[in-house]
Amino acid sequence: MLNRRHIRVKVMQSIYAMHQNGSDNLEKEEKFLFHSIENIQDLYLIMLSSLVEIKKAEEDFIDKSSKKHLATQEERNPNKKFINNAVLDILSENNSLSIALEDRKITNWKNNDDYILILLDAIKKSKLYDTYMRNNVNTFEEDQQFVVDVFTEIIAPNEKLYDYLEDHKLTWIDDIPLVNTAIQKQLKQIKNSSDPDSFYVSKLYKDADDKEFVRNLFRKTVLNNPELTKEFIDKTPNWDAERIAEIDAIILKMAICEFLKFPSIPVKVTINEYLEIAKEYSTPKSSIFINGILDNLVKDYQKDNRLIKTGRGLM
């Protein structure tokens with residue numbers, strides 16, 4: 001689920017928090033960094049399980065409506081197309097998801113079922129739902145597209161849900177788009193299978209190298225802070241260190257750290273990644289400022305044979 005850019009963002013935010021708090025406790029801050037990353041898995045499970053809980057809520061509503069003393073004909077014989085949706089069934093019966101929810105102790109919707117009812121109400125009032133329920137064609141492809149659309153157009157952008165997630169854990173603000181994109185992609189990839197375990201809960205890290213990259217980038221940037229600062233201060237004669245925006249300075253130090261201490265990462269990848277991060281997290285002119293400094297540094301490093309990259313095409 002995690003990509004390298006998001007890893008860089010989480011490291012950048014942790015270093016920024018260290019500066020703001022005046023902390024020099026490397027172990028404590030590293031522990032918090034990994035904890036905030038681990039929480040992304042909880043966010044993923046909460047968002048994914050919302051689909052299961054919405055299905056359960058509608059099943060409960062239909063059951064109670066049919067048992068009313070003066071139930072209408074429609075309530076006695078409801079349209080069950082929504083609760084019989086093949087993709088929702090796969091998610092509801094999936095062992096991988098059930099085990100992950102239990103292991104991570106995800107009980108958010110049991111304690112906050114009002115949000116599930118809000119989402120269910122929004123779905124049932126939508127044109128998307130009306131069109132789906134009126135269509136007599138029942139195919140896996142239609143069920144799948146409906147769930148993808150419901151998640152993308154109704155659940156993911158719901159403001160009340162976003163406010164709840166933001167209030168529950170502040171570090172999730174930047175993680176929500178990553179998680180929603182991952183879930184949308186997974187929903188599209190579910191296969192028409194009688195085996196509910198054909199769906200697997202996404203791993204947080206792609207591999208062990210990515211987890212190690214978190215630790216190494218954080219430690220090497222923090223522990224070499226004075227040296228990394230000197231590298232770019234000489235390239236900004238009209239600026240002193242205190243006049244450079246703090247986020248820009250952190251981005252520069254992280255990029256320089258990758259240039260000099262991560263031989264397997266191509267120079268172009270490093271530059272492109274941090275320019276995109278600067279565009280999103282710093283001032284409008286930051287990416288131009290950062291690009292100019294990094295470009296000059298790369299030329300100097302190449303001239304002085306300080307830029308040692310291993311493998312083909314890494315320059």
# chains A, B, ... in the order shown; residues from 1 in each chain; ligands from 1
>>> residues_around(residues="Phe213 in chain A", least_positions_apart="5", cutoff="12 Å", atoms="only C-alpha atoms", output="list in words")
Leu2, Asn3, Arg4, Arg5, His6, Ile7, Arg8, Lys10, Val11, Phe34, Tyr205, Lys206, Asp207, Ala208, Phe218, Arg219, Lys220, Thr221, Glu258, Lys261, Phe262, Ser264 and Ile265 of chain A
>>> select_by_dssp(residues="range 149-255 of chain A", states="helix (DSSP H, G or I)", output="number ranges by chain")
A: 149-155, 159-168, 170-172, 176-189, 196-198, 208-223, 225-233, 241-243, 246-255
>>> closest_atom_pairs(of="range 115-134 of chain A", to="range 73-90 of chain A", cutoff="9 Å", atoms="only C-alpha atoms", output="CSV")
residue,atom,partner,partner_atom,distance
A:Tyr129,CA,A:Phe82,CA,8.5
A:Tyr132,CA,A:Phe82,CA,8.3
A:Met133,CA,A:Lys81,CA,6.4
>>> residues_around(residues="range 143-157 of chain A", least_positions_apart="3", cutoff="10 Å", atoms="only C-alpha atoms", output="ChimeraX atom specification")
/A:47-48,50-51,81-82,84-88,116,118-120,122-123,126,128-129,131-132,137-140,160-162,176-177,179-181,183-192
>>> residues_around(residues="Lys105 in chain A", least_positions_apart="4", cutoff="9 Å", atoms="only C-alpha atoms", output="list in words")
Asp42, Ala100 and Leu101 of chain A
>>> closest_residue(among="A:Ser282, A:Asn94, A:Gln20, A:Thr229", to="Ile256 in chain A", atoms="only C-alpha atoms")
A:Thr229
>>> closest_residue(among="A:Met18, A:Ser36, A:Thr283, A:Arg306", to="Thr171 in chain A", atoms="only C-alpha atoms")
A:Ser36
>>> closest_residue(among="A:Val269, A:Leu117, A:Val222, A:Cys257", to="Asp60 in chain A", atoms="only C-alpha atoms")
A:Leu117
>>> atom_distance(atom1="CA of Gln13 in chain A", atom2="CA of Lys31 in chain A")
13.6 Å
